[in-house]
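**Q** One file: protein-v7.cif (mmCIF, C-alpha atoms and all ligand atoms; chains and numbers go by the auth columns).
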```
data_work
#
loop_
_atom_site.group_PDB
_atom_site.id
_atom_site.type_symbol
_atom_site.label_atom_id
_atom_site.label_comp_id
_atom_site.label_asym_id
_atom_site.label_seq_id
_atom_site.Cartn_x
_atom_site.Cartn_y
_atom_site.Cartn_z
_atom_site.B_iso_or_equiv
_atom_site.auth_seq_id
_atom_site.auth_asym_id
ATOM 1 C CA MET A 1 -26.646 49.620 -11.963 0.00 28 A
ATOM 2 C CA LYS A 2 -26.762 47.203 -14.874 0.00 29 A
ATOM 3 C CA ASN A 3 -23.016 47.623 -15.362 0.00 30 A
ATOM 4 C CA ILE A 4 -22.293 46.941 -11.736 0.00 31 A
ATOM 5 C CA ILE A 5 -24.275 43.711 -11.857 0.00 32 A
ATOM 6 C CA LEU A 6 -22.461 42.700 -15.032 0.00 33 A
ATOM 7 C CA LEU A 7 -19.086 43.463 -13.447 0.00 34 A
ATOM 8 C CA PHE A 8 -20.084 41.475 -10.366 0.00 35 A
ATOM 9 C CA ILE A 9 -20.982 38.458 -12.495 0.00 36 A
ATOM 10 C CA LEU A 10 -17.717 38.755 -14.412 0.00 37 A
ATOM 11 C CA VAL A 11 -15.697 38.762 -11.198 0.00 38 A
ATOM 12 C CA ILE A 12 -17.523 35.668 -9.907 0.00 39 A
ATOM 13 C CA VAL A 13 -16.939 33.825 -13.187 0.00 40 A
ATOM 14 C CA ALA A 14 -13.252 34.783 -13.152 0.00 41 A
ATOM 15 C CA ILE A 15 -12.775 33.562 -9.566 0.00 42 A
ATOM 16 C CA ALA A 16 -14.586 30.303 -10.282 0.00 43 A
ATOM 17 C CA GLY A 17 -12.511 29.810 -13.417 0.00 44 A
ATOM 18 C CA LEU A 18 -9.264 30.423 -11.596 0.00 45 A
ATOM 19 C CA LYS A 19 -10.244 28.009 -8.832 0.00 46 A
ATOM 20 C CA THR A 20 -11.093 25.234 -11.264 0.00 47 A
ATOM 21 C CA TYR A 21 -7.829 25.802 -13.076 0.00 48 A
ATOM 22 C CA ARG A 22 -5.909 25.596 -9.802 0.00 49 A
ATOM 23 C CA ASN A 23 -7.678 22.436 -8.715 0.00 50 A
ATOM 24 C CA ALA A 24 -7.062 20.821 -12.062 0.00 51 A
ATOM 25 C CA LYS A 25 -3.422 21.733 -11.734 0.00 52 A
ATOM 26 C CA GLU A 26 -2.833 20.736 -8.128 0.00 53 A
ATOM 27 C CA GLU A 27 -5.122 17.851 -7.449 0.00 54 A
ATOM 28 C CA LYS A 28 -3.521 15.075 -9.396 0.00 55 A
ATOM 29 C CA PRO A 29 -4.630 11.665 -8.132 0.00 56 A
ATOM 30 C CA LEU A 30 -2.355 10.464 -5.353 0.00 57 A
ATOM 31 C CA VAL A 31 -0.531 7.146 -5.623 0.00 58 A
ATOM 32 C CA VAL A 32 1.147 5.938 -2.434 0.00 59 A
ATOM 33 C CA ILE A 33 3.636 3.083 -2.734 0.00 60 A
ATOM 34 C CA MET A 34 4.022 1.307 0.610 0.00 61 A
ATOM 35 C CA MET A 35 7.419 -0.243 1.209 0.00 62 A
ATOM 36 C CA GLY A 36 8.929 -1.951 4.205 0.00 63 A
ATOM 37 C CA ALA A 37 10.074 -5.312 5.530 0.00 64 A
ATOM 38 C CA PRO A 38 7.576 -8.104 6.204 0.00 65 A
ATOM 39 C CA GLY A 39 5.997 -7.270 9.550 0.00 66 A
ATOM 40 C CA ALA A 40 6.788 -3.545 9.382 0.00 67 A
ATOM 41 C CA GLY A 41 3.059 -2.789 9.290 0.00 68 A
ATOM 42 C CA LYS A 42 2.496 -2.063 5.585 0.00 69 A
ATOM 43 C CA GLY A 43 -0.910 -3.725 5.383 0.00 70 A
ATOM 44 C CA ALA A 44 -2.370 -2.245 8.563 0.00 71 A
ATOM 45 C CA HIS A 45 -1.124 1.272 7.822 0.00 72 A
ATOM 46 C CA ALA A 46 -2.249 1.072 4.198 0.00 73 A
ATOM 47 C CA GLN A 47 -5.714 0.136 5.431 0.00 74 A
ATOM 48 C CA ASP A 48 -5.885 3.079 7.861 0.00 75 A
ATOM 49 C CA LEU A 49 -4.495 5.459 5.260 0.00 76 A
ATOM 50 C CA SER A 50 -7.089 4.263 2.780 0.00 77 A
ATOM 51 C CA LYS A 51 -9.908 5.062 5.232 0.00 78 A
ATOM 52 C CA THR A 52 -8.491 8.466 6.177 0.00 79 A
ATOM 53 C CA LEU A 53 -7.707 9.642 2.630 0.00 80 A
ATOM 54 C CA ASN A 54 -10.694 7.864 1.114 0.00 81 A
ATOM 55 C CA ILE A 55 -8.715 6.204 -1.663 0.00 82 A
ATOM 56 C CA ALA A 56 -8.437 2.505 -2.478 0.00 83 A
ATOM 57 C CA HIS A 57 -5.984 0.174 -0.778 0.00 84 A
ATOM 58 C CA ILE A 58 -4.738 -2.390 -3.283 0.00 85 A
ATOM 59 C CA SER A 59 -2.992 -5.396 -1.772 0.00 86 A
ATOM 60 C CA THR A 60 -1.483 -7.175 -4.750 0.00 87 A
ATOM 61 C CA GLY A 61 -1.188 -10.422 -2.772 0.00 88 A
ATOM 62 C CA ASP A 62 -4.959 -10.425 -2.199 0.00 89 A
ATOM 63 C CA LEU A 63 -5.568 -9.391 -5.798 0.00 90 A
ATOM 64 C CA PHE A 64 -3.528 -12.285 -7.213 0.00 91 A
ATOM 65 C CA ARG A 65 -5.185 -14.814 -4.911 0.00 92 A
ATOM 66 C CA GLU A 66 -8.580 -13.464 -5.981 0.00 93 A
ATOM 67 C CA ASN A 67 -7.704 -13.749 -9.682 0.00 94 A
ATOM 68 C CA ILE A 68 -6.545 -17.322 -9.212 0.00 95 A
ATOM 69 C CA LYS A 69 -9.630 -18.244 -7.180 0.00 96 A
ATOM 70 C CA ASN A 70 -11.992 -16.705 -9.753 0.00 97 A
ATOM 71 C CA GLU A 71 -10.061 -18.385 -12.581 0.00 98 A
ATOM 72 C CA THR A 72 -9.657 -15.211 -14.633 0.00 99 A
ATOM 73 C CA GLN A 73 -7.505 -15.464 -17.742 0.00 100 A
ATOM 74 C CA LEU A 74 -4.556 -13.797 -16.023 0.00 101 A
ATOM 75 C CA GLY A 75 -5.191 -15.798 -12.860 0.00 102 A
ATOM 76 C CA ASN A 76 -5.052 -19.083 -14.776 0.00 103 A
ATOM 77 C CA MET A 77 -1.831 -18.061 -16.485 0.00 104 A
ATOM 78 C CA ALA A 78 -0.283 -17.227 -13.127 0.00 105 A
ATOM 79 C CA LYS A 79 -1.498 -20.459 -11.555 0.00 106 A
ATOM 80 C CA ASP A 80 -0.075 -22.607 -14.373 0.00 107 A
ATOM 81 C CA LEU A 81 3.340 -21.098 -13.797 0.00 108 A
ATOM 82 C CA MET A 82 3.153 -21.359 -10.020 0.00 109 A
ATOM 83 C CA ASP A 83 2.080 -25.009 -10.253 0.00 110 A
ATOM 84 C CA LYS A 84 5.239 -25.648 -12.243 0.00 111 A
ATOM 85 C CA GLY A 85 7.216 -23.964 -9.491 0.00 112 A
ATOM 86 C CA LEU A 86 7.956 -20.916 -11.642 0.00 113 A
ATOM 87 C CA LEU A 87 7.701 -17.272 -10.679 0.00 114 A
ATOM 88 C CA VAL A 88 4.894 -15.186 -12.132 0.00 115 A
ATOM 89 C CA PRO A 89 6.515 -12.869 -14.698 0.00 116 A
ATOM 90 C CA ASP A 90 6.363 -9.141 -14.087 0.00 117 A
ATOM 91 C CA LYS A 91 4.224 -8.665 -17.184 0.00 118 A
ATOM 92 C CA ILE A 92 1.362 -10.766 -15.778 0.00 119 A
ATOM 93 C CA ALA A 93 1.596 -9.077 -12.359 0.00 120 A
ATOM 94 C CA VAL A 94 1.502 -5.631 -13.957 0.00 121 A
ATOM 95 C CA ASP A 95 -1.396 -6.528 -16.268 0.00 122 A
ATOM 96 C CA MET A 96 -3.439 -7.953 -13.389 0.00 123 A
ATOM 97 C CA LEU A 97 -2.879 -4.851 -11.300 0.00 124 A
ATOM 98 C CA PHE A 98 -3.733 -2.341 -14.009 0.00 125 A
ATOM 99 C CA LYS A 99 -6.808 -4.230 -15.142 0.00 126 A
ATOM 100 C CA HIS A 100 -8.049 -4.048 -11.537 0.00 127 A
ATOM 101 C CA ILE A 101 -7.254 -0.319 -11.343 0.00 128 A
ATOM 102 C CA ARG A 102 -9.029 0.454 -14.642 0.00 129 A
ATOM 103 C CA ASP A 103 -12.054 -1.740 -13.954 0.00 130 A
ATOM 104 C CA ASN A 104 -12.687 0.012 -10.643 0.00 131 A
ATOM 105 C CA GLY A 105 -11.914 3.563 -11.794 0.00 132 A
ATOM 106 C CA PHE A 106 -9.053 3.904 -9.308 0.00 133 A
ATOM 107 C CA ASP A 107 -6.969 5.524 -12.065 0.00 134 A
ATOM 108 C CA LYS A 108 -9.127 8.628 -11.545 0.00 135 A
ATOM 109 C CA THR A 109 -9.206 8.654 -7.750 0.00 136 A
ATOM 110 C CA GLY A 110 -5.715 7.468 -6.799 0.00 137 A
ATOM 111 C CA TYR A 111 -4.761 4.489 -4.642 0.00 138 A
ATOM 112 C CA ILE A 112 -2.355 2.928 -2.167 0.00 139 A
ATOM 113 C CA LEU A 113 -0.169 0.065 -3.385 0.00 140 A
ATOM 114 C CA ASP A 114 0.758 -2.626 -0.878 0.00 141 A
ATOM 115 C CA GLY A 115 3.033 -5.399 -2.146 0.00 142 A
ATOM 116 C CA PHE A 116 3.873 -3.758 -5.456 0.00 143 A
ATOM 117 C CA PRO A 117 6.320 -3.088 -7.011 0.00 144 A
ATOM 118 C CA ARG A 118 8.653 -5.850 -5.850 0.00 145 A
ATOM 119 C CA THR A 119 11.205 -5.604 -8.654 0.00 146 A
ATOM 120 C CA LEU A 120 12.834 -2.827 -10.659 0.00 147 A
ATOM 121 C CA ILE A 121 11.043 -3.990 -13.796 0.00 148 A
ATOM 122 C CA GLN A 122 7.712 -3.607 -12.006 0.00 149 A
ATOM 123 C CA ALA A 123 8.691 -0.165 -10.708 0.00 150 A
ATOM 124 C CA LYS A 124 9.574 0.994 -14.213 0.00 151 A
ATOM 125 C CA ALA A 125 6.358 -0.433 -15.637 0.00 152 A
ATOM 126 C CA LEU A 126 4.438 1.457 -12.966 0.00 153 A
ATOM 127 C CA ASP A 127 6.237 4.696 -13.853 0.00 154 A
ATOM 128 C CA GLU A 128 5.413 4.273 -17.521 0.00 155 A
ATOM 129 C CA ARG A 129 1.716 3.848 -16.808 0.00 156 A
ATOM 130 C CA LEU A 130 1.530 6.714 -14.345 0.00 157 A
ATOM 131 C CA ALA A 131 3.608 9.194 -16.377 0.00 158 A
ATOM 132 C CA ARG A 132 3.193 12.743 -15.062 0.00 159 A
ATOM 133 C CA ASP A 133 -0.503 12.656 -14.362 0.00 160 A
ATOM 134 C CA TYR A 134 -0.175 11.474 -10.763 0.00 161 A
ATOM 135 C CA LYS A 135 1.336 12.627 -7.525 0.00 162 A
ATOM 136 C CA LYS A 136 3.536 9.704 -6.528 0.00 163 A
ATOM 137 C CA ILE A 137 5.067 9.036 -3.151 0.00 164 A
ATOM 138 C CA ALA A 138 6.998 5.986 -1.976 0.00 165 A
ATOM 139 C CA VAL A 139 6.904 5.424 1.777 0.00 166 A
ATOM 140 C CA ASN A 140 9.493 3.237 3.451 0.00 167 A
ATOM 141 C CA LEU A 141 8.473 1.933 6.877 0.00 168 A
ATOM 142 C CA SER A 142 11.836 1.224 8.446 0.00 169 A
ATOM 143 C CA ILE A 143 12.061 -0.893 11.549 0.00 170 A
ATOM 144 C CA ASP A 144 14.871 -2.481 13.592 0.00 171 A
ATOM 145 C CA GLU A 145 15.270 -6.200 13.041 0.00 172 A
ATOM 146 C CA GLU A 146 15.101 -6.945 16.766 0.00 173 A
ATOM 147 C CA LYS A 147 11.756 -5.169 16.997 0.00 174 A
ATOM 148 C CA LEU A 148 10.501 -7.054 13.982 0.00 175 A
ATOM 149 C CA VAL A 149 11.338 -10.430 15.532 0.00 176 A
ATOM 150 C CA GLN A 150 9.506 -9.434 18.707 0.00 177 A
ATOM 151 C CA ARG A 151 6.439 -8.328 16.720 0.00 178 A
ATOM 152 C CA ILE A 152 6.259 -11.336 14.445 0.00 179 A
ATOM 153 C CA THR A 153 6.902 -14.077 16.989 0.00 180 A
ATOM 154 C CA GLY A 154 4.264 -12.672 19.367 0.00 181 A
ATOM 155 C CA ARG A 155 1.532 -12.353 16.760 0.00 182 A
ATOM 156 C CA LEU A 156 -1.814 -14.094 17.344 0.00 183 A
ATOM 157 C CA ILE A 157 -4.571 -14.265 14.759 0.00 184 A
ATOM 158 C CA CYS A 158 -8.272 -15.116 15.096 0.00 185 A
ATOM 159 C CA LYS A 159 -9.401 -18.245 13.250 0.00 186 A
ATOM 160 C CA SER A 160 -12.720 -16.669 12.242 0.00 187 A
ATOM 161 C CA CYS A 161 -12.403 -12.926 11.733 0.00 188 A
ATOM 162 C CA ALA A 162 -8.614 -12.626 11.134 0.00 189 A
ATOM 163 C CA ALA A 163 -8.300 -9.952 13.851 0.00 190 A
ATOM 164 C CA SER A 164 -4.684 -9.650 14.917 0.00 191 A
ATOM 165 C CA TYR A 165 -3.319 -9.543 18.494 0.00 192 A
ATOM 166 C CA HIS A 166 0.064 -9.639 20.167 0.00 193 A
ATOM 167 C CA LYS A 167 1.081 -11.667 23.209 0.00 194 A
ATOM 168 C CA GLU A 168 2.663 -8.652 24.936 0.00 195 A
ATOM 169 C CA ASN A 169 1.807 -5.498 22.978 0.00 196 A
ATOM 170 C CA LEU A 170 -1.857 -6.148 22.281 0.00 197 A
ATOM 171 C CA PRO A 171 -3.119 -9.137 24.273 0.00 198 A
ATOM 172 C CA PRO A 172 -6.750 -10.252 23.982 0.00 199 A
ATOM 173 C CA LYS A 173 -8.949 -9.674 27.059 0.00 200 A
ATOM 174 C CA GLN A 174 -9.177 -13.418 27.601 0.00 201 A
ATOM 175 C CA ASP A 175 -6.191 -15.682 26.936 0.00 202 A
ATOM 176 C CA GLY A 176 -6.340 -17.281 23.463 0.00 203 A
ATOM 177 C CA ILE A 177 -9.836 -15.908 22.704 0.00 204 A
ATOM 178 C CA CYS A 178 -10.789 -13.225 20.153 0.00 205 A
ATOM 179 C CA ASP A 179 -12.320 -10.033 21.642 0.00 206 A
ATOM 180 C CA ASN A 180 -14.511 -9.543 18.569 0.00 207 A
ATOM 181 C CA CYS A 181 -16.034 -12.933 17.953 0.00 208 A
ATOM 182 C CA SER A 182 -14.900 -15.174 20.847 0.00 209 A
ATOM 183 C CA ASP A 183 -13.300 -17.693 18.503 0.00 210 A
ATOM 184 C CA GLU A 184 -9.879 -19.249 19.050 0.00 211 A
ATOM 185 C CA LEU A 185 -6.600 -17.408 18.392 0.00 212 A
ATOM 186 C CA TYR A 186 -3.646 -19.128 16.747 0.00 213 A
ATOM 187 C CA GLN A 187 -0.063 -18.452 15.735 0.00 214 A
ATOM 188 C CA ARG A 188 0.802 -18.736 12.052 0.00 215 A
ATOM 189 C CA ASP A 189 3.298 -21.508 11.225 0.00 216 A
ATOM 190 C CA ASP A 190 5.548 -19.087 9.385 0.00 217 A
ATOM 191 C CA ASP A 191 5.614 -16.504 12.185 0.00 218 A
ATOM 192 C CA THR A 192 8.910 -17.796 13.562 0.00 219 A
ATOM 193 C CA GLU A 193 12.273 -16.116 13.882 0.00 220 A
ATOM 194 C CA GLU A 194 13.821 -18.548 11.419 0.00 221 A
ATOM 195 C CA VAL A 195 11.266 -17.961 8.669 0.00 222 A
ATOM 196 C CA LEU A 196 11.414 -14.230 9.300 0.00 223 A
ATOM 197 C CA LYS A 197 15.203 -14.155 8.852 0.00 224 A
ATOM 198 C CA THR A 198 14.879 -15.926 5.490 0.00 225 A
ATOM 199 C CA ARG A 199 12.144 -13.541 4.370 0.00 226 A
ATOM 200 C CA LEU A 200 14.185 -10.550 5.505 0.00 227 A
ATOM 201 C CA GLU A 201 17.193 -11.685 3.500 0.00 228 A
ATOM 202 C CA ALA A 202 15.059 -11.989 0.375 0.00 229 A
ATOM 203 C CA TYR A 203 13.420 -8.655 1.103 0.00 230 A
ATOM 204 C CA ASN A 204 16.717 -6.856 1.594 0.00 231 A
ATOM 205 C CA LYS A 205 18.124 -8.314 -1.599 0.00 232 A
ATOM 206 C CA ASP A 206 15.079 -7.573 -3.804 0.00 233 A
ATOM 207 C CA THR A 207 13.959 -4.311 -2.340 0.00 234 A
ATOM 208 C CA LYS A 208 17.156 -2.418 -1.769 0.00 235 A
ATOM 209 C CA PRO A 209 17.471 -1.521 -5.483 0.00 236 A
ATOM 210 C CA LEU A 210 13.875 -0.261 -5.385 0.00 237 A
ATOM 211 C CA LEU A 211 14.603 2.055 -2.467 0.00 238 A
ATOM 212 C CA ASP A 212 17.596 3.442 -4.364 0.00 239 A
ATOM 213 C CA TYR A 213 15.423 3.844 -7.444 0.00 240 A
ATOM 214 C CA TYR A 214 12.808 5.923 -5.613 0.00 241 A
ATOM 215 C CA GLN A 215 15.486 7.820 -3.737 0.00 242 A
ATOM 216 C CA ASN A 216 16.979 8.903 -7.061 0.00 243 A
ATOM 217 C CA LYS A 217 13.523 9.996 -8.232 0.00 244 A
ATOM 218 C CA LYS A 218 13.263 12.048 -5.023 0.00 245 A
ATOM 219 C CA ILE A 219 9.910 10.588 -4.029 0.00 246 A
ATOM 220 C CA LEU A 220 11.088 8.310 -1.209 0.00 247 A
ATOM 221 C CA LYS A 221 10.054 9.152 2.365 0.00 248 A
ATOM 222 C CA ASP A 222 11.433 7.264 5.337 0.00 249 A
ATOM 223 C CA ILE A 223 9.068 6.629 8.243 0.00 250 A
ATOM 224 C CA ASP A 224 10.481 5.317 11.519 0.00 251 A
ATOM 225 C CA SER A 225 8.236 2.360 12.223 0.00 252 A
ATOM 226 C CA ASN A 226 9.699 1.415 15.618 0.00 253 A
ATOM 227 C CA ASP A 227 7.232 3.584 17.523 0.00 254 A
ATOM 228 C CA THR A 228 3.630 2.744 18.485 0.00 255 A
ATOM 229 C CA LYS A 229 1.106 2.244 15.714 0.00 256 A
ATOM 230 C CA GLU A 230 -0.572 5.599 16.485 0.00 257 A
ATOM 231 C CA VAL A 231 2.647 7.631 16.338 0.00 258 A
ATOM 232 C CA VAL A 232 3.813 5.902 13.158 0.00 259 A
ATOM 233 C CA PHE A 233 0.476 6.529 11.491 0.00 260 A
ATOM 234 C CA GLU A 234 0.482 10.209 12.424 0.00 261 A
ATOM 235 C CA ASN A 235 3.936 10.618 10.869 0.00 262 A
ATOM 236 C CA LEU A 236 2.822 8.685 7.823 0.00 263 A
ATOM 237 C CA LEU A 237 -0.270 10.823 7.341 0.00 264 A
ATOM 238 C CA ASN A 238 1.677 14.078 7.713 0.00 265 A
ATOM 239 C CA THR A 239 4.270 12.878 5.237 0.00 266 A
ATOM 240 C CA VAL A 240 1.714 11.826 2.638 0.00 267 A
ATOM 241 C CA LYS A 241 -0.253 15.054 3.004 0.00 268 A
ATOM 242 C CA SER A 242 2.763 17.363 2.757 0.00 269 A
HETATM 243 ZN ZN ZN B . -12.370 -13.088 15.817 0.00 301 A
#
```
Can I see the file as structure tokens?
Ligand SMILES: [Zn+2]
**A**
Amino acid sequence: MKNIILLFILVIVAIAGLKTYRNAKEEKPLVVIMMGAPGAGKGAHAQDLSKTLNIAHISTGDLFRENIKNETQLGNMAKDLMDKGLLVPDKIAVDMLFKHIRDNGFDKTGYILDGFPRTLIQAKALDERLARDYKKIAVNLSIDEEKLVQRITGRLICKSCAASYHKENLPPKQDGICDNCSDELYQRDDDTEEVLKTRLEAYNKDTKPLLDYYQNKKILKDIDSNDTKEVVFENLLNTVKS
């Protein structure tokens, strides 16, 4: 009887041990790199993905603005350069991002990157820091230019709560009024076809090499972003989970 109990305990310990080993092996923190043209839906999908997967959504645009507002050392350095009309060097952008990741413990849980990397240098810096300890996936939300123009030029935003609507696709219940907080809706000055075309040109020029880079690393997944938000998100989620 004593032997049987001992054997039983041994089996349990062995199974538990094997399971822990497997988990340690398979469950590397996930890092999702969101790519796609301005207006392709990176921010909104990153936000939904963050809620569903329960990992952080890091918008580097927001992060830089926050650093500058709070006058952190890196923020001040970036602001000095921007005031002089210069671009913020990759080194400062990378340092700001990884300080944020470390300070919040996201390096242990994984995260979704939105707005980073923008250059090959940044992509390589990211690779160096992540090494082999992460499961990396780069998602490219691809969308037809015509569709993009229609989306961008119809966009309406609430002055108070920043909720986003669309003149045709997602109109508010009452014309020009936010459903959530009843404040006024407005159209951003830069949400015009002309500005979009300029931004698209810059995007295509800067980002194309990045897509090739991730394609060569075999971690690039294309998501057709022309469909409805729900369908696109379902595809995105399936892709990230697979
Ligand atoms: Zn509102």
**Q** To test your reading of the syntax: which residues would the PyMOL selection byres (((not hetatm)) within 12 of (chain A and resi 301)) return for the file shown? Reply as a ChimeraX atom specification.
**A** /A:183-192,199,203-213
**Q** To one decimal place in Å, what is the distance between atom CA of Ala64 of chain A and atom CA of Gln242 of chain A?
**A** 17.0 Å
**Q** Which of these residues is nearest to Thr99 of chain A, using all atoms listed in the file: A:Ile119, A:Ala73, A:Leu80, A:Ile148?
**A** A:Ile119
**Q** Report, in Å with one decimal, the straight-line distance from atom CA of Ala67 of chain A to atom CA of Ile170 of chain A.
**A**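 These atoms are spaced 6.3 Å apart.
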**Q** Nearest residue to Thr136 of chain A out of A:Lys256, A:Lys55, A:Lys194, A:Arg92, using only C-alpha atoms?
**A**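 Closest candidate: A:Lys55.
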**Q** I want to know what sits within 12 Å of Lys163 of chain A, based on only C-alpha atoms, with residues of the same chain fewer than 5 positions away left out; could you give that as a VMD selection string?
**A** chain A and resid 54 to 61 137 to 140 150 153 to 154 156 to 158 241 244 to 248 267 to 268
**Q** Interatomic distance between atom CA of Ile85 of chain A and atom CA of Glu172 of chain A?
**A** 26.1 Å
**Q** Could you check which residues have any atom within 12 Å of (1.2, -9.9, -17.7), counting only C-alpha atoms with coordinates taken straight from the file, and then list them as number ranges by chain?
**A** A: 91, 100-105, 115-126, 149, 152
**Q** I'd like to know which of A:Glu257, A:Asp218, A:Asp107, A:Asp249 is closest to Gly66 of chain A, using all atoms listed in the file.
**A** A:Asp218
**Q** Using only C-alpha atoms, which of A:Leu197, A:Leu227, A:Leu147, A:Leu113 sits nearest Val176 of chain A?
**A**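 Smallest distance to Val176 of chain A is found for A:Leu227.
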**Q** From the options A:Asn97, A:Asn243, A:Thr79, A:Thr180, which residue's atoms come nearest to Asn265 of chain A, counting only C-alpha atoms?
**A**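 Using only C-alpha atoms, Asn265 of chain A sits closest to A:Thr79.
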**Q** Rank nothing, just name the residue among A:Ile82, A:Leu90, A:Met109, A:Leu168 nearest to Asp134 of chain A, using all atoms listed in the file.
**A** A:Ile82
**Q** Return as a ChimeraX atom specification the set of residues that the PyMOL selection byres (((chain A and resi 65) around 10) and not hetatm) yields on the displayed structure.
**A** /A:62-64,66-70,142,175,179,223,226-227,230
**Q** Produce the centre coordinates and the three edge lengths, each in Å to one decimal, of the box along x, y and z that contains all listed atoms of segment 68-80 of chain A with 8 Å added on each side, as JSON.
**A**
```
{"center_x": -3.4, "center_y": 3.0, "center_z": 6.0, "size_x": 29.0, "size_y": 29.4, "size_z": 22.7}
```
